[in-house]
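Asker: What follows is coords-v1.tsv, made up of TSV, C-alpha atoms:
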chain	number	residue	atom	x	y	z
A	197	MET	CA	0.47	32.64	14.87
A	198	LYS	CA	-1.58	29.41	14.88
A	199	LEU	CA	-5.32	28.94	14.68
A	200	LYS	CA	-7.07	25.56	14.79
A	201	ILE	CA	-10.79	24.76	14.60
A	202	SER	CA	-12.30	21.25	14.42
A	203	THR	CA	-15.81	20.28	13.33
A	204	LEU	CA	-17.41	16.83	13.57
A	205	VAL	CA	-19.71	16.03	10.63
A	206	GLN	CA	-21.94	13.06	9.84
A	207	GLN	CA	-20.57	11.83	6.51
A	208	SER	CA	-17.59	9.63	5.66
A	209	TYR	CA	-14.25	11.31	5.12
A	210	GLN	CA	-14.32	10.39	1.41
A	211	GLN	CA	-17.79	11.94	0.98
A	212	VAL	CA	-16.58	15.05	2.80
A	213	PHE	CA	-13.51	15.41	0.59
A	214	ASP	CA	-15.66	14.90	-2.52
A	215	GLY	CA	-17.78	17.80	-1.24
A	216	PHE	CA	-14.83	20.22	-1.15
A	217	THR	CA	-15.94	21.97	-4.33
A	218	LYS	CA	-16.24	25.49	-5.65
A	219	ASP	CA	-19.83	25.58	-4.31
A	220	LEU	CA	-18.70	24.66	-0.78
A	221	PHE	CA	-15.93	27.23	-0.95
A	222	LEU	CA	-18.49	29.94	-1.74
A	223	LYS	CA	-20.80	28.77	1.09
A	224	LEU	CA	-17.88	28.94	3.55
A	225	SER	CA	-17.19	32.59	2.77
A	226	PRO	CA	-18.59	34.81	5.53
A	227	PRO	CA	-20.71	37.85	4.65
A	228	PHE	CA	-17.85	40.30	5.18
A	229	PRO	CA	-15.77	40.92	3.30
A	230	PRO	CA	-17.72	39.80	0.23
A	231	VAL	CA	-15.63	37.41	-1.86
A	232	LYS	CA	-15.52	37.13	-5.63
A	233	LEU	CA	-14.08	33.78	-6.64
A	234	LYS	CA	-11.90	34.36	-9.69
A	235	ARG	CA	-10.35	30.90	-9.96
A	236	PHE	CA	-10.85	27.53	-8.25
A	237	ASP	CA	-8.90	24.62	-9.70
A	238	GLY	CA	-9.58	22.18	-6.85
A	239	CYS	CA	-7.79	20.77	-3.81
A	240	ARG	CA	-4.86	18.83	-5.23
A	241	THR	CA	-1.18	19.69	-5.54
A	242	ASN	CA	-0.53	22.65	-7.87
A	243	ASP	CA	-4.20	23.67	-8.00
A	244	ARG	CA	-4.81	27.41	-7.51
A	245	VAL	CA	-7.46	29.50	-5.83
A	246	GLU	CA	-7.80	33.23	-6.54
A	247	LEU	CA	-10.15	35.57	-4.71
A	248	GLN	CA	-10.99	39.21	-4.66
A	249	LEU	CA	-11.97	40.57	-1.23
A	250	ASN	CA	-14.22	43.63	-1.30
A	251	PHE	CA	-13.70	45.92	1.70
A	252	ILE	CA	-16.18	48.52	0.31
A	253	PHE	CA	-13.61	51.32	-0.22
A	254	PHE	CA	-10.89	49.04	-1.61
A	255	LYS	CA	-10.37	45.53	-2.96
A	256	GLN	CA	-7.62	43.04	-2.21
A	257	THR	CA	-6.44	40.01	-4.14
A	258	TRP	CA	-5.71	36.69	-2.46
A	259	GLU	CA	-4.06	33.88	-4.40
A	260	SER	CA	-3.22	30.49	-2.93
A	261	LEU	CA	-1.44	27.45	-4.28
A	262	ILE	CA	-2.15	23.89	-3.11
A	263	THR	CA	1.35	22.76	-2.15
A	264	ASP	CA	0.55	19.28	-0.79
A	265	PHE	CA	-2.18	16.65	-1.00
A	266	GLN	CA	-2.32	13.25	0.71
A	267	ASP	CA	-5.00	10.55	0.76
A	268	THR	CA	-4.66	7.69	3.26
A	269	GLU	CA	-7.08	5.22	4.86
A	270	GLN	CA	-7.50	7.53	7.87
A	271	GLU	CA	-7.21	11.04	6.46
A	272	ILE	CA	-7.27	13.21	3.38
A	273	TYR	CA	-5.52	16.53	3.60
A	274	PHE	CA	-4.38	19.38	1.45
A	275	ILE	CA	-2.37	22.48	2.20
A	276	ASP	CA	-2.89	25.86	0.63
A	277	GLU	CA	-0.22	28.53	0.92
A	278	GLY	CA	-0.60	32.20	0.15
A	279	VAL	CA	1.17	33.33	-3.03
A	280	LYS	CA	-0.34	36.82	-3.23
A	281	LEU	CA	-1.92	38.04	-0.01
A	282	PRO	CA	-3.89	41.08	1.13
A	283	PHE	CA	-1.71	43.83	2.61
A	284	PHE	CA	-2.57	42.78	6.18
A	285	LEU	CA	-1.04	39.30	5.76
A	286	LYS	CA	2.61	38.45	5.22
A	287	TYR	CA	2.33	34.62	5.43
A	288	TRP	CA	-0.52	32.10	5.12
A	289	LYS	CA	-0.51	28.31	5.37
A	290	HIS	CA	-3.82	26.47	5.75
A	291	HIS	CA	-3.71	22.74	6.43
A	292	HIS	CA	-7.17	21.33	5.61
A	293	ARG	CA	-7.50	17.96	7.36
A	294	ILE	CA	-10.41	15.58	6.74
A	295	VAL	CA	-10.00	12.84	9.33
A	296	LYS	CA	-11.94	9.57	9.54
A	297	GLU	CA	-13.76	9.15	12.86
A	298	GLY	CA	-15.71	5.88	12.54
A	299	ASN	CA	-18.63	6.62	10.19
A	300	GLN	CA	-18.17	10.33	10.80
A	301	THR	CA	-15.45	12.84	9.94
A	302	ILE	CA	-13.57	15.58	11.73
A	303	ILE	CA	-12.78	18.59	9.54
A	304	ILE	CA	-9.79	20.48	10.92
A	305	ASP	CA	-8.84	23.95	9.75
A	306	ASP	CA	-5.23	24.30	10.94
A	307	ILE	CA	-3.86	27.71	10.00
A	308	THR	CA	-0.54	29.44	10.45
A	309	PHE	CA	-0.42	33.13	9.56
A	310	LYS	CA	1.76	36.19	10.00
A	311	THR	CA	1.00	39.84	9.52
A	312	PRO	CA	3.60	42.55	8.86
A	313	PHE	CA	3.86	43.26	12.63
A	314	LEU	CA	3.73	40.98	15.67
A	315	LEU	CA	1.19	43.20	17.43
A	316	MET	CA	-1.02	42.99	14.36
A	317	ASP	CA	-0.89	39.16	14.60
A	318	TYR	CA	-2.68	39.42	17.94
A	319	LEU	CA	-5.17	41.96	16.58
A	320	MET	CA	-5.97	39.78	13.55
A	321	TYR	CA	-6.37	36.56	15.54
A	322	PRO	CA	-9.93	37.24	16.80
A	323	ALA	CA	-11.14	38.34	13.35
A	324	LEU	CA	-9.66	35.28	11.65
A	325	TYR	CA	-10.93	32.99	14.42
A	326	LEU	CA	-14.48	34.29	13.89
A	327	GLN	CA	-14.14	33.93	10.10
A	328	PHE	CA	-13.30	30.24	10.52
A	329	LEU	CA	-15.80	29.66	13.33
A	330	TYR	CA	-18.40	30.74	10.77
A	331	ARG	CA	-17.59	27.54	8.85
A	332	LYS	CA	-18.70	25.12	11.61
A	333	PRO	CA	-22.48	25.33	11.03
A	334	VAL	CA	-21.94	25.39	7.26
A	335	TYR	CA	-19.88	22.19	7.42
A	336	ARG	CA	-22.50	20.55	9.66
A	337	LYS	CA	-25.35	21.50	7.33
A	338	VAL	CA	-23.59	20.52	4.10
A	339	PHE	CA	-22.25	17.23	5.50
A	340	LYS	CA	-25.25	16.12	7.56
A	341	LYS	CA	-26.24	12.49	7.42
A	342	LYS	CA	-28.41	11.85	4.41
A	343	ASN	CA	-31.53	9.90	5.26
A	344	LEU	CA	-32.59	7.27	2.79
A	345	PRO	CA	-36.12	7.69	1.40
A	346	LYS	CA	-38.73	5.55	3.15
A	347	VAL	CA	-40.07	2.63	1.16
A	348	ASN	CA	-43.85	2.35	1.04
A	349	ASN	CA	-44.72	-1.33	1.52
A	350	ALA	CA	-48.46	-0.81	1.19
A	351	SER	CA	-50.04	-2.81	-1.63
With the file now loaded, output its structure as structure tokens.

Answerer:
Amino acid sequence: MKLKISTLVQQSYQQVFDGFTKDLFLKLSPPFPPVKLKRFDGCRTNDRVELQLNFIFFKQTWESLITDFQDTEQEIYFIDEGVKLPFFLKYWKHHHRIVKEGNQTIIIDDITFKTPFLLMDYLMYPALYLQFLYRKPVYRKVFKKKNLPKVNNAS
């Protein structure tokens, strides 16, 4: 099943990519389930991310590997693929696209996922969609245009 969400932000695509840090990752995590970040190597090929999801009565591990990274004059992207997934996911591929749009940037979360059962794919779609929709205001806040300080010309 495919899920795609785009967000226009006010910084250059290079600034946006430079902001894809451990701190941003933690800000992007919605309130539920709480996430404990166990490992964050970065966003380049062969980097790893490991999480622990806390569903109150049980915990699940999620490990992803960055399998591709490209940097061009128009776009920077990286792909993370699930290596160890929570029981409710069988397949995960997340294509993070950071696309130049003039002086602004479009951040695209392009996700392909599968659960153990086709019916469950359709049941998981709204939950995952909301989880990634949560990122839009976070992206906009983190990557808002930075105003330069005003210079006082008074003598």

Asker: Tell me which protein, DNA and RNA residues are within 8 Å of region 303-312 of chain A, counting only C-alpha atoms, leaving out same-chain ones fewer than 6 positions away, and put them as a PDB file with C-alpha atoms, keeping the file's coordinate frame.

Answerer:
ATOM      1  CA  MET A 197       0.470  32.640  14.870  1.00  0.00           C
ATOM      2  CA  LYS A 198      -1.580  29.410  14.880  1.00  0.00           C
ATOM      3  CA  LEU A 199      -5.320  28.940  14.680  1.00  0.00           C
ATOM      4  CA  LYS A 200      -7.070  25.560  14.790  1.00  0.00           C
ATOM      5  CA  ILE A 201     -10.790  24.760  14.600  1.00  0.00           C
ATOM      6  CA  SER A 202     -12.300  21.250  14.420  1.00  0.00           C
ATOM      7  CA  THR A 203     -15.810  20.280  13.330  1.00  0.00           C
ATOM      8  CA  LEU A 204     -17.410  16.830  13.570  1.00  0.00           C
ATOM      9  CA  VAL A 205     -19.710  16.030  10.630  1.00  0.00           C
ATOM     10  CA  PHE A 284      -2.570  42.780   6.180  1.00  0.00           C
ATOM     11  CA  LEU A 285      -1.040  39.300   5.760  1.00  0.00           C
ATOM     12  CA  LYS A 286       2.610  38.450   5.220  1.00  0.00           C
ATOM     13  CA  TYR A 287       2.330  34.620   5.430  1.00  0.00           C
ATOM     14  CA  TRP A 288      -0.520  32.100   5.120  1.00  0.00           C
ATOM     15  CA  LYS A 289      -0.510  28.310   5.370  1.00  0.00           C
ATOM     16  CA  HIS A 290      -3.820  26.470   5.750  1.00  0.00           C
ATOM     17  CA  HIS A 291      -3.710  22.740   6.430  1.00  0.00           C
ATOM     18  CA  HIS A 292      -7.170  21.330   5.610  1.00  0.00           C
ATOM     19  CA  ARG A 293      -7.500  17.960   7.360  1.00  0.00           C
ATOM     20  CA  ILE A 294     -10.410  15.580   6.740  1.00  0.00           C
ATOM     21  CA  VAL A 295     -10.000  12.840   9.330  1.00  0.00           C
ATOM     22  CA  PHE A 328     -13.300  30.240  10.520  1.00  0.00           C
TER      23      PHE A 328
END

Asker: With a distance cut-off of 7 Å and all atoms listed in the file, select the neighbouring residues of Glu246 (chain A), excluding the residue or stretch itself and same-chain residues fewer than 4 positions from it, and output the selection as a list of chain:residue names.

Answerer: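 Here the qualifying residues turn out to be A:Leu233, A:Lys234, A:Arg235, A:Phe236, A:Trp258, A:Glu259, A:Ser260.
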
Asker: In Å to one decimal, how far is CA of Val338 (chain A) from CA of Asp267 (chain A)?

Answerer: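 Spanning CA of Asp267 (chain A) to CA of Val338 (chain A) is a straight-line distance of 21.4 Å.
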
Asker: Can you work out the spacing between CA of Phe213 (chain A) and CA of Gly298 (chain A) in Å, to one decimal?

Answerer: 15.4 Å

Asker: What's the separation between CA of Asn250 (chain A) and CA of Phe221 (chain A), in Å to one decimal place?

Answerer: 16.5 Å

Asker: Around (-10.6, 46.8, -1.3) in the file's frame, which residues reach within 12 Å when counting all atoms listed in the file? Return as a list in words?

Answerer: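 All residues meeting the 12 Å criterion around (-10.6, 46.8, -1.3) are Phe228, Pro229, Pro230, Val231, Lys232, Leu247, Gln248, Leu249, Asn250, Phe251, Ile252, Phe253, Phe254, Lys255, Gln256, Thr257, Trp258, Pro282, Phe283 and Phe284 of chain A.
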
Asker: Closest to Thr217 (chain A) among A:Lys337, A:Lys280, A:Arg240, A:Lys332, using all atoms listed in the file?

Answerer: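 Smallest distance to Thr217 (chain A) is found for A:Arg240.
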
Asker: Take region 268-287 of chain A, model N, CA and C atoms, and hand the result over as a PDB file, in the coordinates of the input.

Answerer:
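File produced: selection29.pdb:
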ATOM      1  N   THR A 268      -4.965   8.960   2.600  1.00  0.00           N
ATOM      2  CA  THR A 268      -4.660   7.690   3.260  1.00  0.00           C
ATOM      3  C   THR A 268      -5.973   7.042   3.708  1.00  0.00           C
ATOM      4  N   GLU A 269      -5.878   5.907   4.375  1.00  0.00           N
ATOM      5  CA  GLU A 269      -7.080   5.220   4.860  1.00  0.00           C
ATOM      6  C   GLU A 269      -7.703   5.927   6.059  1.00  0.00           C
ATOM      7  N   GLN A 270      -6.988   6.832   6.683  1.00  0.00           N
ATOM      8  CA  GLN A 270      -7.500   7.530   7.870  1.00  0.00           C
ATOM      9  C   GLN A 270      -7.760   9.021   7.653  1.00  0.00           C
ATOM     10  N   GLU A 271      -7.148   9.587   6.612  1.00  0.00           N
ATOM     11  CA  GLU A 271      -7.210  11.040   6.460  1.00  0.00           C
ATOM     12  C   GLU A 271      -6.918  11.457   5.022  1.00  0.00           C
ATOM     13  N   ILE A 272      -7.597  12.521   4.625  1.00  0.00           N
ATOM     14  CA  ILE A 272      -7.270  13.210   3.380  1.00  0.00           C
ATOM     15  C   ILE A 272      -6.929  14.633   3.795  1.00  0.00           C
ATOM     16  N   TYR A 273      -5.825  15.137   3.291  1.00  0.00           N
ATOM     17  CA  TYR A 273      -5.520  16.530   3.600  1.00  0.00           C
ATOM     18  C   TYR A 273      -4.910  17.227   2.402  1.00  0.00           C
ATOM     19  N   PHE A 274      -5.059  18.546   2.433  1.00  0.00           N
ATOM     20  CA  PHE A 274      -4.380  19.380   1.450  1.00  0.00           C
ATOM     21  C   PHE A 274      -3.978  20.668   2.133  1.00  0.00           C
ATOM     22  N   ILE A 275      -2.920  21.262   1.611  1.00  0.00           N
ATOM     23  CA  ILE A 275      -2.370  22.480   2.200  1.00  0.00           C
ATOM     24  C   ILE A 275      -2.389  23.576   1.141  1.00  0.00           C
ATOM     25  N   ASP A 276      -2.989  24.715   1.521  1.00  0.00           N
ATOM     26  CA  ASP A 276      -2.890  25.860   0.630  1.00  0.00           C
ATOM     27  C   ASP A 276      -1.987  26.906   1.273  1.00  0.00           C
ATOM     28  N   GLU A 277      -1.144  27.492   0.446  1.00  0.00           N
ATOM     29  CA  GLU A 277      -0.220  28.530   0.920  1.00  0.00           C
ATOM     30  C   GLU A 277      -0.426  29.789   0.094  1.00  0.00           C
ATOM     31  N   GLY A 278      -0.406  30.923   0.801  1.00  0.00           N
ATOM     32  CA  GLY A 278      -0.600  32.200   0.150  1.00  0.00           C
ATOM     33  C   GLY A 278       0.536  32.541  -0.790  1.00  0.00           C
ATOM     34  N   VAL A 279       0.197  32.895  -2.026  1.00  0.00           N
ATOM     35  CA  VAL A 279       1.170  33.330  -3.030  1.00  0.00           C
ATOM     36  C   VAL A 279       1.107  34.852  -3.147  1.00  0.00           C
ATOM     37  N   LYS A 280      -0.102  35.373  -3.228  1.00  0.00           N
ATOM     38  CA  LYS A 280      -0.340  36.820  -3.230  1.00  0.00           C
ATOM     39  C   LYS A 280      -1.403  37.070  -2.169  1.00  0.00           C
ATOM     40  N   LEU A 281      -1.044  37.859  -1.170  1.00  0.00           N
ATOM     41  CA  LEU A 281      -1.920  38.040  -0.010  1.00  0.00           C
ATOM     42  C   LEU A 281      -2.352  39.487   0.136  1.00  0.00           C
ATOM     43  N   PRO A 282      -3.488  39.712   0.812  1.00  0.00           N
ATOM     44  CA  PRO A 282      -3.890  41.080   1.130  1.00  0.00           C
ATOM     45  C   PRO A 282      -2.804  41.759   1.973  1.00  0.00           C
ATOM     46  N   PHE A 283      -2.778  43.077   1.948  1.00  0.00           N
ATOM     47  CA  PHE A 283      -1.710  43.830   2.610  1.00  0.00           C
ATOM     48  C   PHE A 283      -1.553  43.499   4.096  1.00  0.00           C
ATOM     49  N   PHE A 284      -2.619  43.034   4.734  1.00  0.00           N
ATOM     50  CA  PHE A 284      -2.570  42.780   6.180  1.00  0.00           C
ATOM     51  C   PHE A 284      -2.036  41.387   6.529  1.00  0.00           C
ATOM     52  N   LEU A 285      -1.654  40.606   5.514  1.00  0.00           N
ATOM     53  CA  LEU A 285      -1.040  39.300   5.760  1.00  0.00           C
ATOM     54  C   LEU A 285       0.305  39.216   5.055  1.00  0.00           C
ATOM     55  N   LYS A 286       1.270  38.649   5.769  1.00  0.00           N
ATOM     56  CA  LYS A 286       2.610  38.450   5.220  1.00  0.00           C
ATOM     57  C   LYS A 286       2.844  36.969   4.881  1.00  0.00           C
ATOM     58  N   TYR A 287       2.132  36.061   5.602  1.00  0.00           N
ATOM     59  CA  TYR A 287       2.330  34.620   5.430  1.00  0.00           C
ATOM     60  C   TYR A 287       1.008  33.920   5.713  1.00  0.00           C
TER      61      TYR A 287
END
